[in-house]
Structures are given as C-alpha cells and as structure tokens.
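Asks: Below are the structure tokens for one structure; questions will follow.
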Amino acid sequence: MTIWPATVRYALEAAPGGLGLVQDLLNTAAVEGSGHGDLLAGPDTARAWAEAAVAGWTAVTAQPVPPVALDADGLEELRAFRDDLHRVTAEA
C-alpha cells in the first residue's frame, strides 16, 4: 500500500492510482484547527514531501521519475499551482 505523506496526516483514504499525487499535493496545505502546518511552507519540508510523494507516485504508476530538485523559484511555483488546483477543485 502506498503512503501519501500529506494525505496520511489527515487520516484520509488515498485517491486511486496516480490521482493520489494530486490529492496529496492538495493535502500539503494547512487546515485551520487541524494542528498540521503547511508542508510547502519552507524548503526542507517541501523537499521532504516532494521526495516522498514522488516515491509514492512511482510506486503506483511504475513510471520512473528523476530526482526532485526543488529550489526557491520551484517551491513558489509549486505553491501557486497547489493554490490554483485548490480553487479549481473547490468550484467543482
């Protein structure tokens, strides 16, 4: 069974297959009152999440993925993508 690090912390059932990565990215955000911080708040926690999430995605899809290199610009883009994804899914 694949462990999606951000999803597990909220005790949620993982989405099937590669969709688990999308769900996990959304679950990196802090939820008020949950006691869980934003996993993309800083470079160290973001890199740790990204490495674990990519490993999970690789496990469920059997697709090779290069090592994750997440610099400050990439982290800002990842946060913006997560926020856009959240807005789109909240409207659905």
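Residue numbering restarts at 1 for every chain of the structure tokens, chains are lettered A, B, ... in their displayed order, and ligands are numbered from 1 as they appear.
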Env of His36 (chain A): 8 Å cut, atoms = only C-alpha atoms, seq-sep filter 4 positions within chain, self excluded. Answer as JSON, numbers by chain.

Replies: {"A": [9, 30, 31]}

Asks: Go ahead and write the selection's residues with C-alpha atoms as a short mmCIF file (atom, residue, chain, number, x, y, z; two decimals), in the first residue's frame.

Replies:
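Resulting contents of selection-v2.cif:
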data_model
loop_
_atom_site.label_atom_id
_atom_site.label_comp_id
_atom_site.auth_asym_id
_atom_site.auth_seq_id
_atom_site.Cartn_x
_atom_site.Cartn_y
_atom_site.Cartn_z
CA ARG A 9 -1.61 13.05 8.26
CA ALA A 30 -2.53 23.65 6.47
CA VAL A 31 -6.12 23.22 7.63
#

Asks: Name all residues at most 12 Å from Leu26 (chain A) (count only C-alpha atoms; drop same-chain ones fewer than 2 positions away) and give them as a ChimeraX atom specification.

Replies: /A:4-7,10,14-15,19-24,28-31,38-40,49,53,78-90

Asks: Identify, on the basis of only C-alpha atoms, every residue whose closest approach to Leu70 (chain A) does not exceed 8 Å; exclude the query and any residue fewer than 6 positions from it along the same chain; express the result as an MDAnalysis selection string.

Replies: chainID A and resid 43 46:47

Asks: Take the selection from the previous step and output its residues with N, CA, C and O atoms, as a short mmCIF file (atom, residue, chain, number, x, y, z; two decimals), in the first residue's frame.

Replies:
data_model
loop_
_atom_site.label_atom_id
_atom_site.label_comp_id
_atom_site.auth_asym_id
_atom_site.auth_seq_id
_atom_site.Cartn_x
_atom_site.Cartn_y
_atom_site.Cartn_z
N PRO A 43 11.61 25.27 2.45
CA PRO A 43 12.30 24.36 1.53
C PRO A 43 12.55 22.95 2.08
O PRO A 43 12.43 21.99 1.33
N ALA A 46 9.18 21.05 2.22
CA ALA A 46 8.70 20.88 0.84
C ALA A 46 9.49 19.80 0.11
O ALA A 46 8.92 18.95 -0.58
N ARG A 47 10.81 19.82 0.26
CA ARG A 47 11.64 18.79 -0.39
C ARG A 47 11.31 17.41 0.16
O ARG A 47 11.21 16.44 -0.59
#

Asks: In terms of the shortest atom-to-atom distance over only C-alpha atoms, which of A:Gly17, A:Ile3, A:Val8, A:Glu76 is closest to Thr61 (chain A)?

Replies: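 Smallest distance to Thr61 (chain A) is found for A:Gly17.
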
Asks: As an exercise, work out the distance from CA of Leu25 (chain A) to CA of Pro66 (chain A) in Å and give it to one decimal place.

Replies: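 Between these atoms lies a distance of 18.1 Å.
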
Asks: As an exercise, work out the distance from CA of Ala11 (chain A) to CA of Gln63 (chain A) in Å and give it to one decimal place.

Replies: 26.2 Å
